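Structure file final-v8.txt (compact mmCIF, N, CA, C and O atoms) is printed below.
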```
# COMPACT_ATOMS: atom_id res chain seq x y z
N ARG D 1 0.86 -1.17 0.00
CA ARG D 1 0.00 0.00 0.00
C ARG D 1 0.90 1.22 0.00
O ARG D 1 1.79 1.37 0.82
N VAL D 2 0.62 2.13 -0.93
CA VAL D 2 1.31 3.42 -1.00
C VAL D 2 0.23 4.48 -0.97
O VAL D 2 -0.54 4.63 -1.91
N GLY D 3 0.16 5.19 0.18
CA GLY D 3 -0.92 6.15 0.33
C GLY D 3 -2.24 5.41 0.28
O GLY D 3 -2.45 4.42 0.96
N SER D 4 -3.14 5.89 -0.57
CA SER D 4 -4.46 5.26 -0.69
C SER D 4 -4.50 4.18 -1.77
O SER D 4 -5.54 3.58 -2.00
N VAL D 5 -3.38 3.93 -2.42
CA VAL D 5 -3.33 2.96 -3.51
C VAL D 5 -2.75 1.64 -3.02
O VAL D 5 -1.67 1.60 -2.45
N LYS D 6 -3.52 0.57 -3.25
CA LYS D 6 -3.06 -0.76 -2.87
C LYS D 6 -2.53 -1.46 -4.11
O LYS D 6 -3.16 -1.44 -5.16
N SER D 7 -1.39 -2.08 -3.97
CA SER D 7 -0.75 -2.76 -5.08
C SER D 7 -0.35 -4.16 -4.64
O SER D 7 -0.06 -4.40 -3.47
N SER D 8 -0.31 -5.06 -5.59
CA SER D 8 0.10 -6.43 -5.30
C SER D 8 1.13 -6.85 -6.35
O SER D 8 0.80 -6.96 -7.53
N PHE D 9 2.36 -7.04 -5.90
CA PHE D 9 3.44 -7.41 -6.81
C PHE D 9 3.76 -8.89 -6.68
O PHE D 9 3.85 -9.41 -5.58
N ARG D 10 3.93 -9.54 -7.79
CA ARG D 10 4.42 -10.91 -7.81
C ARG D 10 5.93 -10.78 -7.94
O ARG D 10 6.44 -10.34 -8.97
N ILE D 11 6.66 -11.14 -6.87
CA ILE D 11 8.10 -10.88 -6.80
C ILE D 11 8.90 -12.17 -6.87
O ILE D 11 8.56 -13.18 -6.24
N VAL D 12 9.97 -12.11 -7.63
CA VAL D 12 10.94 -13.20 -7.72
C VAL D 12 12.25 -12.68 -7.13
O VAL D 12 12.70 -11.59 -7.51
N ALA D 13 12.83 -13.41 -6.20
CA ALA D 13 14.08 -13.00 -5.57
C ALA D 13 15.16 -14.03 -5.85
O ALA D 13 14.89 -15.24 -5.90
N GLN D 14 16.38 -13.54 -6.03
CA GLN D 14 17.51 -14.43 -6.28
C GLN D 14 18.71 -13.93 -5.47
O GLN D 14 19.02 -12.74 -5.48
N MET D 15 19.37 -14.86 -4.80
CA MET D 15 20.60 -14.53 -4.08
C MET D 15 21.77 -14.68 -5.04
O MET D 15 21.87 -15.68 -5.75
N THR D 16 22.64 -13.67 -5.07
CA THR D 16 23.80 -13.69 -5.95
C THR D 16 25.03 -13.25 -5.16
O THR D 16 24.91 -12.79 -4.02
N ASP D 17 26.17 -13.35 -5.79
CA ASP D 17 27.43 -12.87 -5.18
C ASP D 17 27.58 -13.35 -3.75
O ASP D 17 27.91 -12.58 -2.85
N ILE D 18 27.37 -14.63 -3.53
CA ILE D 18 27.43 -15.19 -2.18
C ILE D 18 28.88 -15.48 -1.81
O ILE D 18 29.57 -16.21 -2.49
N VAL D 19 29.31 -14.85 -0.72
CA VAL D 19 30.63 -15.12 -0.14
C VAL D 19 30.33 -15.55 1.30
O VAL D 19 30.01 -14.71 2.14
N PRO D 20 30.38 -16.86 1.59
CA PRO D 20 29.99 -17.34 2.91
C PRO D 20 30.64 -16.56 4.05
O PRO D 20 31.84 -16.28 4.02
N ALA D 21 29.80 -16.18 5.01
CA ALA D 21 30.19 -15.45 6.22
C ALA D 21 30.74 -14.06 5.93
O ALA D 21 31.28 -13.42 6.82
N GLN D 22 30.60 -13.57 4.68
CA GLN D 22 31.09 -12.23 4.36
C GLN D 22 30.06 -11.35 3.67
O GLN D 22 29.91 -10.18 4.02
N ALA D 23 29.38 -11.88 2.66
CA ALA D 23 28.47 -11.03 1.89
C ALA D 23 27.49 -11.85 1.08
O ALA D 23 27.75 -13.01 0.74
N VAL D 24 26.37 -11.22 0.77
CA VAL D 24 25.39 -11.79 -0.15
C VAL D 24 24.60 -10.63 -0.74
O VAL D 24 24.40 -9.60 -0.09
N THR D 25 24.19 -10.81 -1.98
CA THR D 25 23.35 -9.81 -2.64
C THR D 25 22.04 -10.49 -2.99
O THR D 25 22.01 -11.64 -3.42
N VAL D 26 20.94 -9.77 -2.78
CA VAL D 26 19.62 -10.26 -3.15
C VAL D 26 19.04 -9.31 -4.19
O VAL D 26 18.99 -8.10 -3.97
N VAL D 27 18.64 -9.88 -5.32
CA VAL D 27 18.02 -9.10 -6.39
C VAL D 27 16.57 -9.55 -6.50
O VAL D 27 16.29 -10.75 -6.64
N CYS D 28 15.65 -8.59 -6.39
CA CYS D 28 14.22 -8.88 -6.47
C CYS D 28 13.60 -8.09 -7.61
O CYS D 28 13.93 -6.92 -7.80
N GLU D 29 12.71 -8.74 -8.33
CA GLU D 29 11.97 -8.07 -9.39
C GLU D 29 10.51 -8.48 -9.29
O GLU D 29 10.21 -9.63 -9.00
N GLY D 30 9.63 -7.51 -9.50
CA GLY D 30 8.22 -7.83 -9.42
C GLY D 30 7.38 -6.95 -10.31
O GLY D 30 7.81 -5.87 -10.73
N LYS D 31 6.16 -7.42 -10.56
CA LYS D 31 5.25 -6.70 -11.45
C LYS D 31 3.85 -6.74 -10.87
O LYS D 31 3.42 -7.77 -10.35
N ASP D 32 3.17 -5.61 -10.95
CA ASP D 32 1.75 -5.53 -10.63
C ASP D 32 1.04 -5.31 -11.96
O ASP D 32 1.09 -4.21 -12.52
N LYS D 33 0.41 -6.35 -12.47
CA LYS D 33 -0.22 -6.27 -13.79
C LYS D 33 -1.44 -5.35 -13.78
O LYS D 33 -1.75 -4.73 -14.79
N VAL D 34 -2.14 -5.27 -12.66
CA VAL D 34 -3.34 -4.44 -12.59
C VAL D 34 -2.98 -2.96 -12.74
O VAL D 34 -3.60 -2.23 -13.51
N LEU D 35 -1.95 -2.52 -12.02
CA LEU D 35 -1.55 -1.11 -12.09
C LEU D 35 -0.50 -0.84 -13.17
O LEU D 35 -0.16 0.31 -13.42
N GLY D 36 0.03 -1.89 -13.76
CA GLY D 36 1.07 -1.70 -14.76
C GLY D 36 2.33 -1.12 -14.16
O GLY D 36 2.97 -0.24 -14.73
N SER D 37 2.68 -1.59 -12.98
CA SER D 37 3.86 -1.08 -12.27
C SER D 37 4.89 -2.18 -12.08
O SER D 37 4.55 -3.37 -12.03
N ASN D 38 6.13 -1.76 -11.96
CA ASN D 38 7.24 -2.70 -11.74
C ASN D 38 8.08 -2.22 -10.56
O ASN D 38 8.18 -1.02 -10.30
N VAL D 39 8.70 -3.18 -9.89
CA VAL D 39 9.63 -2.86 -8.82
C VAL D 39 10.86 -3.74 -8.98
O VAL D 39 10.77 -4.89 -9.41
N ARG D 40 12.00 -3.15 -8.70
CA ARG D 40 13.27 -3.87 -8.72
C ARG D 40 14.06 -3.43 -7.51
O ARG D 40 14.17 -2.23 -7.22
N ALA D 41 14.61 -4.40 -6.79
CA ALA D 41 15.41 -4.10 -5.61
C ALA D 41 16.74 -4.84 -5.72
O ALA D 41 16.79 -6.00 -6.12
N HIS D 42 17.78 -4.16 -5.35
CA HIS D 42 19.13 -4.73 -5.33
C HIS D 42 19.64 -4.45 -3.91
O HIS D 42 19.89 -3.30 -3.56
N VAL D 43 19.76 -5.49 -3.10
CA VAL D 43 20.13 -5.32 -1.69
C VAL D 43 21.40 -6.11 -1.41
O VAL D 43 21.43 -7.32 -1.61
N LYS D 44 22.43 -5.42 -0.94
CA LYS D 44 23.71 -6.06 -0.63
C LYS D 44 23.89 -6.09 0.88
O LYS D 44 23.73 -5.08 1.55
N PHE D 45 24.21 -7.26 1.40
CA PHE D 45 24.46 -7.46 2.82
C PHE D 45 25.94 -7.78 3.01
O PHE D 45 26.43 -8.77 2.47
N ASP D 46 26.66 -6.93 3.74
CA ASP D 46 28.05 -7.19 4.09
C ASP D 46 28.09 -7.56 5.57
O ASP D 46 27.59 -6.83 6.43
N LEU D 47 28.70 -8.70 5.87
CA LEU D 47 28.75 -9.22 7.24
C LEU D 47 30.16 -9.10 7.79
O LEU D 47 31.14 -9.32 7.08
N SER D 48 30.24 -8.76 9.09
CA SER D 48 31.55 -8.74 9.73
C SER D 48 31.43 -9.29 11.15
O SER D 48 30.50 -8.97 11.89
N ASP D 49 32.37 -10.15 11.50
CA ASP D 49 32.39 -10.80 12.80
C ASP D 49 32.71 -9.78 13.88
O ASP D 49 33.69 -9.05 13.80
N GLN D 50 31.86 -9.74 14.89
CA GLN D 50 32.05 -8.84 16.03
C GLN D 50 32.16 -9.64 17.33
O GLN D 50 31.63 -9.23 18.36
N GLY D 51 32.81 -10.79 17.27
CA GLY D 51 32.94 -11.64 18.45
C GLY D 51 31.69 -12.48 18.64
O GLY D 51 31.46 -13.43 17.92
N GLU D 52 30.87 -12.12 19.61
CA GLU D 52 29.63 -12.86 19.90
C GLU D 52 28.47 -12.44 19.00
O GLU D 52 27.39 -12.98 19.11
N ALA D 53 28.70 -11.48 18.14
CA ALA D 53 27.63 -10.98 17.26
C ALA D 53 28.18 -10.80 15.84
O ALA D 53 29.39 -10.91 15.62
N THR D 54 27.29 -10.52 14.94
CA THR D 54 27.67 -10.24 13.56
C THR D 54 27.09 -8.90 13.17
O THR D 54 25.88 -8.67 13.32
N ALA D 55 27.94 -8.00 12.69
CA ALA D 55 27.46 -6.71 12.19
C ALA D 55 27.02 -6.89 10.74
O ALA D 55 27.67 -7.61 9.97
N VAL D 56 25.93 -6.27 10.38
CA VAL D 56 25.41 -6.36 9.02
C VAL D 56 25.24 -4.95 8.47
O VAL D 56 24.50 -4.15 9.02
N ASP D 57 25.97 -4.67 7.40
CA ASP D 57 25.81 -3.41 6.68
C ASP D 57 24.95 -3.70 5.46
O ASP D 57 25.18 -4.66 4.73
N ILE D 58 23.93 -2.85 5.24
CA ILE D 58 22.99 -3.08 4.16
C ILE D 58 22.99 -1.88 3.22
O ILE D 58 22.86 -0.73 3.65
N LEU D 59 23.15 -2.17 1.94
CA LEU D 59 23.05 -1.15 0.91
C LEU D 59 21.91 -1.58 -0.01
O LEU D 59 21.95 -2.65 -0.60
N ALA D 60 20.86 -0.75 -0.09
CA ALA D 60 19.69 -1.12 -0.87
C ALA D 60 19.37 -0.07 -1.91
O ALA D 60 19.46 1.13 -1.65
N ASP D 61 19.03 -0.54 -3.10
CA ASP D 61 18.62 0.33 -4.19
C ASP D 61 17.28 -0.19 -4.71
O ASP D 61 17.18 -1.35 -5.10
N PHE D 62 16.25 0.65 -4.66
CA PHE D 62 14.92 0.28 -5.10
C PHE D 62 14.53 1.14 -6.29
O PHE D 62 14.74 2.35 -6.29
N GLN D 63 13.94 0.52 -7.29
CA GLN D 63 13.44 1.24 -8.45
C GLN D 63 11.97 0.85 -8.63
O GLN D 63 11.63 -0.33 -8.67
N VAL D 64 11.13 1.87 -8.72
CA VAL D 64 9.70 1.66 -8.91
C VAL D 64 9.29 2.43 -10.15
O VAL D 64 9.61 3.61 -10.29
N THR D 65 8.58 1.76 -11.06
CA THR D 65 8.11 2.42 -12.28
C THR D 65 6.63 2.13 -12.47
O THR D 65 6.07 1.23 -11.85
N GLY D 66 6.01 2.90 -13.33
CA GLY D 66 4.60 2.69 -13.64
C GLY D 66 3.70 3.59 -12.82
O GLY D 66 4.15 4.56 -12.20
N ARG D 67 2.41 3.27 -12.80
CA ARG D 67 1.42 4.12 -12.14
C ARG D 67 1.71 4.32 -10.66
O ARG D 67 1.50 5.40 -10.12
N ILE D 68 2.19 3.27 -9.98
CA ILE D 68 2.44 3.38 -8.55
C ILE D 68 3.53 4.41 -8.26
O ILE D 68 3.53 5.06 -7.23
N ALA D 69 4.46 4.58 -9.21
CA ALA D 69 5.56 5.53 -9.01
C ALA D 69 5.10 6.98 -9.06
O ALA D 69 5.78 7.86 -8.56
N THR D 70 3.95 7.21 -9.63
CA THR D 70 3.46 8.59 -9.75
C THR D 70 2.97 9.16 -8.42
O THR D 70 2.67 10.35 -8.35
N PHE D 71 2.89 8.36 -7.39
CA PHE D 71 2.35 8.83 -6.12
C PHE D 71 3.37 9.50 -5.22
O PHE D 71 3.05 9.87 -4.10
N GLY D 72 4.59 9.64 -5.68
CA GLY D 72 5.55 10.41 -4.90
C GLY D 72 6.69 9.59 -4.35
O GLY D 72 6.48 8.54 -3.74
N GLN D 73 7.88 10.09 -4.58
CA GLN D 73 9.10 9.41 -4.17
C GLN D 73 9.20 9.27 -2.65
O GLN D 73 9.62 8.25 -2.14
N ARG D 74 8.79 10.29 -1.90
CA ARG D 74 8.93 10.23 -0.43
C ARG D 74 8.08 9.12 0.17
O ARG D 74 8.52 8.40 1.06
N ILE D 75 6.85 8.98 -0.32
CA ILE D 75 5.98 7.93 0.21
C ILE D 75 6.56 6.56 -0.12
O ILE D 75 6.60 5.67 0.73
N ILE D 76 7.03 6.40 -1.35
CA ILE D 76 7.60 5.11 -1.76
C ILE D 76 8.87 4.81 -0.98
O ILE D 76 9.08 3.68 -0.52
N ALA D 77 9.73 5.80 -0.77
CA ALA D 77 10.97 5.58 -0.02
C ALA D 77 10.67 5.17 1.42
O ALA D 77 11.30 4.27 1.97
N ALA D 78 9.69 5.82 2.04
CA ALA D 78 9.32 5.48 3.42
C ALA D 78 8.77 4.05 3.48
O ALA D 78 9.10 3.28 4.39
N LYS D 79 7.95 3.69 2.50
CA LYS D 79 7.38 2.34 2.47
C LYS D 79 8.47 1.30 2.24
O LYS D 79 8.47 0.24 2.87
N ALA D 80 9.43 1.60 1.36
CA ALA D 80 10.53 0.67 1.11
C ALA D 80 11.32 0.43 2.39
O ALA D 80 11.70 -0.70 2.70
N GLU D 81 11.55 1.48 3.15
CA GLU D 81 12.28 1.33 4.42
C GLU D 81 11.50 0.44 5.38
O GLU D 81 12.07 -0.42 6.05
N GLN D 82 10.18 0.62 5.45
CA GLN D 82 9.35 -0.22 6.31
C GLN D 82 9.45 -1.69 5.90
O GLN D 82 9.56 -2.57 6.76
N VAL D 83 9.41 -1.95 4.60
CA VAL D 83 9.48 -3.33 4.11
C VAL D 83 10.82 -3.95 4.45
O VAL D 83 10.90 -5.10 4.90
N VAL D 84 11.91 -3.20 4.26
CA VAL D 84 13.25 -3.72 4.58
C VAL D 84 13.36 -4.01 6.07
O VAL D 84 13.87 -5.06 6.47
N MET D 85 12.87 -3.10 6.91
CA MET D 85 12.97 -3.32 8.36
C MET D 85 12.15 -4.55 8.78
O MET D 85 12.59 -5.33 9.62
N LYS D 86 10.97 -4.74 8.19
CA LYS D 86 10.17 -5.92 8.51
C LYS D 86 10.90 -7.19 8.08
O LYS D 86 10.93 -8.18 8.81
N ALA D 87 11.52 -7.16 6.91
CA ALA D 87 12.27 -8.33 6.43
C ALA D 87 13.43 -8.64 7.38
O ALA D 87 13.69 -9.80 7.69
N LEU D 88 14.12 -7.61 7.86
CA LEU D 88 15.23 -7.82 8.78
C LEU D 88 14.76 -8.40 10.10
O LEU D 88 15.41 -9.28 10.67
N ARG D 89 13.61 -7.94 10.60
CA ARG D 89 13.05 -8.52 11.83
C ARG D 89 12.72 -10.00 11.62
O ARG D 89 12.95 -10.82 12.49
N ASN D 90 12.18 -10.33 10.44
CA ASN D 90 11.85 -11.72 10.14
C ASN D 90 13.11 -12.58 10.08
O ASN D 90 13.11 -13.71 10.58
N VAL D 91 14.17 -12.07 9.47
CA VAL D 91 15.44 -12.81 9.41
C VAL D 91 15.99 -13.00 10.81
O VAL D 91 16.44 -14.09 11.17
N ASP D 92 15.95 -11.96 11.63
CA ASP D 92 16.44 -12.06 13.01
C ASP D 92 15.65 -13.11 13.78
O ASP D 92 16.24 -13.94 14.48
N GLN D 93 14.34 -13.13 13.63
CA GLN D 93 13.51 -14.13 14.31
C GLN D 93 13.86 -15.53 13.83
O GLN D 93 13.99 -16.46 14.63
N LEU D 94 14.01 -15.71 12.53
CA LEU D 94 14.37 -17.01 11.97
C LEU D 94 15.70 -17.50 12.52
O LEU D 94 15.83 -18.66 12.93
N LEU D 95 16.70 -16.62 12.55
CA LEU D 95 18.02 -17.01 13.06
C LEU D 95 17.96 -17.34 14.55
O LEU D 95 18.60 -18.28 15.01
N THR D 96 17.19 -16.58 15.31
CA THR D 96 17.03 -16.85 16.74
C THR D 96 16.40 -18.22 16.95
O THR D 96 16.85 -19.00 17.79
N GLU D 97 15.37 -18.53 16.16
CA GLU D 97 14.72 -19.84 16.28
C GLU D 97 15.67 -20.97 15.90
O GLU D 97 15.69 -22.01 16.55
N ARG D 98 16.46 -20.77 14.86
CA ARG D 98 17.41 -21.81 14.44
C ARG D 98 18.51 -22.02 15.47
O ARG D 98 18.92 -23.14 15.72
N ARG D 99 18.99 -20.91 16.07
CA ARG D 99 20.01 -21.05 17.13
C ARG D 99 19.44 -21.82 18.30
O ARG D 99 20.09 -22.70 18.87
N ALA D 100 18.21 -21.52 18.70
CA ALA D 100 17.57 -22.20 19.83
C ALA D 100 17.38 -23.68 19.53
O ALA D 100 17.59 -24.53 20.39
N ALA D 101 16.99 -24.00 18.30
CA ALA D 101 16.77 -25.40 17.92
C ALA D 101 18.06 -26.19 17.87
O ALA D 101 18.06 -27.40 18.12
N SER D 102 19.17 -25.52 17.55
CA SER D 102 20.44 -26.25 17.42
C SER D 102 21.28 -26.21 18.69
O SER D 102 22.32 -26.85 18.76
N ALA D 103 20.81 -25.49 19.71
CA ALA D 103 21.57 -25.42 20.97
C ALA D 103 21.51 -26.78 21.68
O ALA D 103 20.48 -27.44 21.68
N PRO D 104 22.64 -27.18 22.28
CA PRO D 104 22.64 -28.46 23.00
C PRO D 104 21.68 -28.40 24.20
O PRO D 104 21.54 -27.37 24.85
N ALA D 105 21.01 -29.50 24.44
CA ALA D 105 20.08 -29.59 25.57
C ALA D 105 20.85 -29.54 26.88
O ALA D 105 21.95 -30.08 27.00
N ALA D 106 20.25 -28.90 27.86
CA ALA D 106 20.87 -28.81 29.19
C ALA D 106 20.82 -30.17 29.86
O ALA D 106 19.81 -30.88 29.76
N PRO D 107 21.91 -30.55 30.54
CA PRO D 107 21.90 -31.85 31.22
C PRO D 107 20.85 -31.90 32.33
O PRO D 107 20.59 -30.91 32.98
N ALA D 108 20.25 -33.05 32.52
CA ALA D 108 19.20 -33.19 33.54
C ALA D 108 19.78 -33.57 34.86
O ALA D 108 20.79 -34.09 35.06
```
Represent the structure from my file as structure tokens, please.
Amino acid sequence: RVGSVKSSFRIVAQMTDIVPAQAVTVVCEGKDKVLGSNVRAHVKFDLSDQGEATAVDILADFQVTGRIATFGQRIIAAKAEQVVMKALRNVDQLLTERRAASAPAAPA
């Protein structure tokens, strides 16, 4: 949703430039046939070991074209940031669940 306009994009994502424990790039492309709009995202994640944690630097480039793009760059930029932050929360939750599942059981 951008302002009062609701859009539904069918998105295909592909991970590229994978360097284990260092970096990954995700390229997403999608189309909303009803509005005749397209979206393309290029998101690069650089990882660095911080001892007990991992720092993640994110560089994201979003391109929106078509009718949805006519509603204003600021609204679209704010919405893109919301989507990225939600995705990061989901990744954090997934990693937390996987760490908990793989942790050794406490002795009885």
Between atom CA of D:Thr25 and atom CA of D:Ala60, distance in Å (one decimal): 9.6 Å
Which residue of D:Ala77, D:Arg10, D:Gln82, D:Ala21 approaches D:Asp49 most closely, using only N, CA, C and O atoms: D:Ala21
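The gap separating atom O of D:Gln14 from atom O of D:Val26 is 4.9 Å, in Å to one decimal.
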Name all residues at most 4.5 Å from D:Thr65 (count only N, CA, C and O atoms; drop same-chain ones fewer than 6 positions away) and give them as a PDB file with N, CA, C and O atoms, in the frame of the given file.
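Contents of part.pdb, as written:
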```pdb
ATOM      1  N   GLY D  36       0.030  -1.890 -13.760  1.00  0.00           N
ATOM      2  CA  GLY D  36       1.070  -1.700 -14.760  1.00  0.00           C
ATOM      3  C   GLY D  36       2.330  -1.120 -14.160  1.00  0.00           C
ATOM      4  O   GLY D  36       2.970  -0.240 -14.730  1.00  0.00           O
ATOM      5  N   SER D  37       2.680  -1.590 -12.980  1.00  0.00           N
ATOM      6  CA  SER D  37       3.860  -1.080 -12.270  1.00  0.00           C
ATOM      7  C   SER D  37       4.890  -2.180 -12.080  1.00  0.00           C
ATOM      8  O   SER D  37       4.550  -3.370 -12.030  1.00  0.00           O
ATOM      9  N   ASN D  38       6.130  -1.760 -11.960  1.00  0.00           N
ATOM     10  CA  ASN D  38       7.240  -2.700 -11.740  1.00  0.00           C
ATOM     11  C   ASN D  38       8.080  -2.220 -10.560  1.00  0.00           C
ATOM     12  O   ASN D  38       8.180  -1.020 -10.300  1.00  0.00           O
TER      13      ASN D  38
END
```
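Going from atom O of D:Arg40 over to atom N of D:Ala13, you cover 11.3 Å.
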Residue nearest D:Ile76 - candidates D:Val64, D:Leu94, D:Ala41, D:Ile11, atoms counted: only C-alpha atoms: D:Val64
Who sits within 7 Å of D:Phe45, only N, CA, C and O atoms, same chain under 2 positions skipped, as a PDB file with N, CA, C and O atoms, keeping the file's coordinate frame:
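Saved to result-v5.pdb:
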```
ATOM      1  N   ASP D  17      26.170 -13.350  -5.790  1.00  0.00           N
ATOM      2  CA  ASP D  17      27.430 -12.870  -5.180  1.00  0.00           C
ATOM      3  C   ASP D  17      27.580 -13.350  -3.750  1.00  0.00           C
ATOM      4  O   ASP D  17      27.910 -12.580  -2.850  1.00  0.00           O
ATOM      5  N   VAL D  19      29.310 -14.850  -0.720  1.00  0.00           N
ATOM      6  CA  VAL D  19      30.630 -15.120  -0.140  1.00  0.00           C
ATOM      7  C   VAL D  19      30.330 -15.550   1.300  1.00  0.00           C
ATOM      8  O   VAL D  19      30.010 -14.710   2.140  1.00  0.00           O
ATOM      9  N   GLN D  22      30.600 -13.570   4.680  1.00  0.00           N
ATOM     10  CA  GLN D  22      31.090 -12.230   4.360  1.00  0.00           C
ATOM     11  C   GLN D  22      30.060 -11.350   3.670  1.00  0.00           C
ATOM     12  O   GLN D  22      29.910 -10.180   4.020  1.00  0.00           O
ATOM     13  N   ALA D  23      29.380 -11.880   2.660  1.00  0.00           N
ATOM     14  CA  ALA D  23      28.470 -11.030   1.890  1.00  0.00           C
ATOM     15  C   ALA D  23      27.490 -11.850   1.080  1.00  0.00           C
ATOM     16  O   ALA D  23      27.750 -13.010   0.740  1.00  0.00           O
ATOM     17  N   VAL D  24      26.370 -11.220   0.770  1.00  0.00           N
ATOM     18  CA  VAL D  24      25.390 -11.790  -0.150  1.00  0.00           C
ATOM     19  C   VAL D  24      24.600 -10.630  -0.740  1.00  0.00           C
ATOM     20  O   VAL D  24      24.400  -9.600  -0.090  1.00  0.00           O
ATOM     21  N   THR D  25      24.190 -10.810  -1.980  1.00  0.00           N
ATOM     22  CA  THR D  25      23.350  -9.810  -2.640  1.00  0.00           C
ATOM     23  C   THR D  25      22.040 -10.490  -2.990  1.00  0.00           C
ATOM     24  O   THR D  25      22.010 -11.640  -3.420  1.00  0.00           O
ATOM     25  N   VAL D  26      20.940  -9.770  -2.780  1.00  0.00           N
ATOM     26  CA  VAL D  26      19.620 -10.260  -3.150  1.00  0.00           C
ATOM     27  C   VAL D  26      19.040  -9.310  -4.190  1.00  0.00           C
ATOM     28  O   VAL D  26      18.990  -8.100  -3.970  1.00  0.00           O
ATOM     29  N   VAL D  43      19.760  -5.490  -3.100  1.00  0.00           N
ATOM     30  CA  VAL D  43      20.130  -5.320  -1.690  1.00  0.00           C
ATOM     31  C   VAL D  43      21.400  -6.110  -1.410  1.00  0.00           C
ATOM     32  O   VAL D  43      21.430  -7.320  -1.610  1.00  0.00           O
ATOM     33  N   LEU D  47      28.700  -8.700   5.870  1.00  0.00           N
ATOM     34  CA  LEU D  47      28.750  -9.220   7.240  1.00  0.00           C
ATOM     35  C   LEU D  47      30.160  -9.100   7.790  1.00  0.00           C
ATOM     36  O   LEU D  47      31.140  -9.320   7.080  1.00  0.00           O
ATOM     37  N   VAL D  56      25.930  -6.270  10.380  1.00  0.00           N
ATOM     38  CA  VAL D  56      25.410  -6.360   9.020  1.00  0.00           C
ATOM     39  C   VAL D  56      25.240  -4.950   8.470  1.00  0.00           C
ATOM     40  O   VAL D  56      24.500  -4.150   9.020  1.00  0.00           O
ATOM     41  N   ASP D  57      25.970  -4.670   7.400  1.00  0.00           N
ATOM     42  CA  ASP D  57      25.810  -3.410   6.680  1.00  0.00           C
ATOM     43  C   ASP D  57      24.950  -3.700   5.460  1.00  0.00           C
ATOM     44  O   ASP D  57      25.180  -4.660   4.730  1.00  0.00           O
ATOM     45  N   ILE D  58      23.930  -2.850   5.240  1.00  0.00           N
ATOM     46  CA  ILE D  58      22.990  -3.080   4.160  1.00  0.00           C
ATOM     47  C   ILE D  58      22.990  -1.880   3.220  1.00  0.00           C
ATOM     48  O   ILE D  58      22.860  -0.730   3.650  1.00  0.00           O
ATOM     49  N   LEU D  59      23.150  -2.170   1.940  1.00  0.00           N
ATOM     50  CA  LEU D  59      23.050  -1.150   0.910  1.00  0.00           C
ATOM     51  C   LEU D  59      21.910  -1.580  -0.010  1.00  0.00           C
ATOM     52  O   LEU D  59      21.950  -2.650  -0.600  1.00  0.00           O
TER      53      LEU D  59
END
```
Those of chain D in DSSP alpha helix (DSSP H), formatted as number ranges by chain: D: 73-102
Test item, strand (DSSP E or B) assignment across stretch 54-105 of chain D, answer as a PyMOL selection string: chain D and resi 54-65
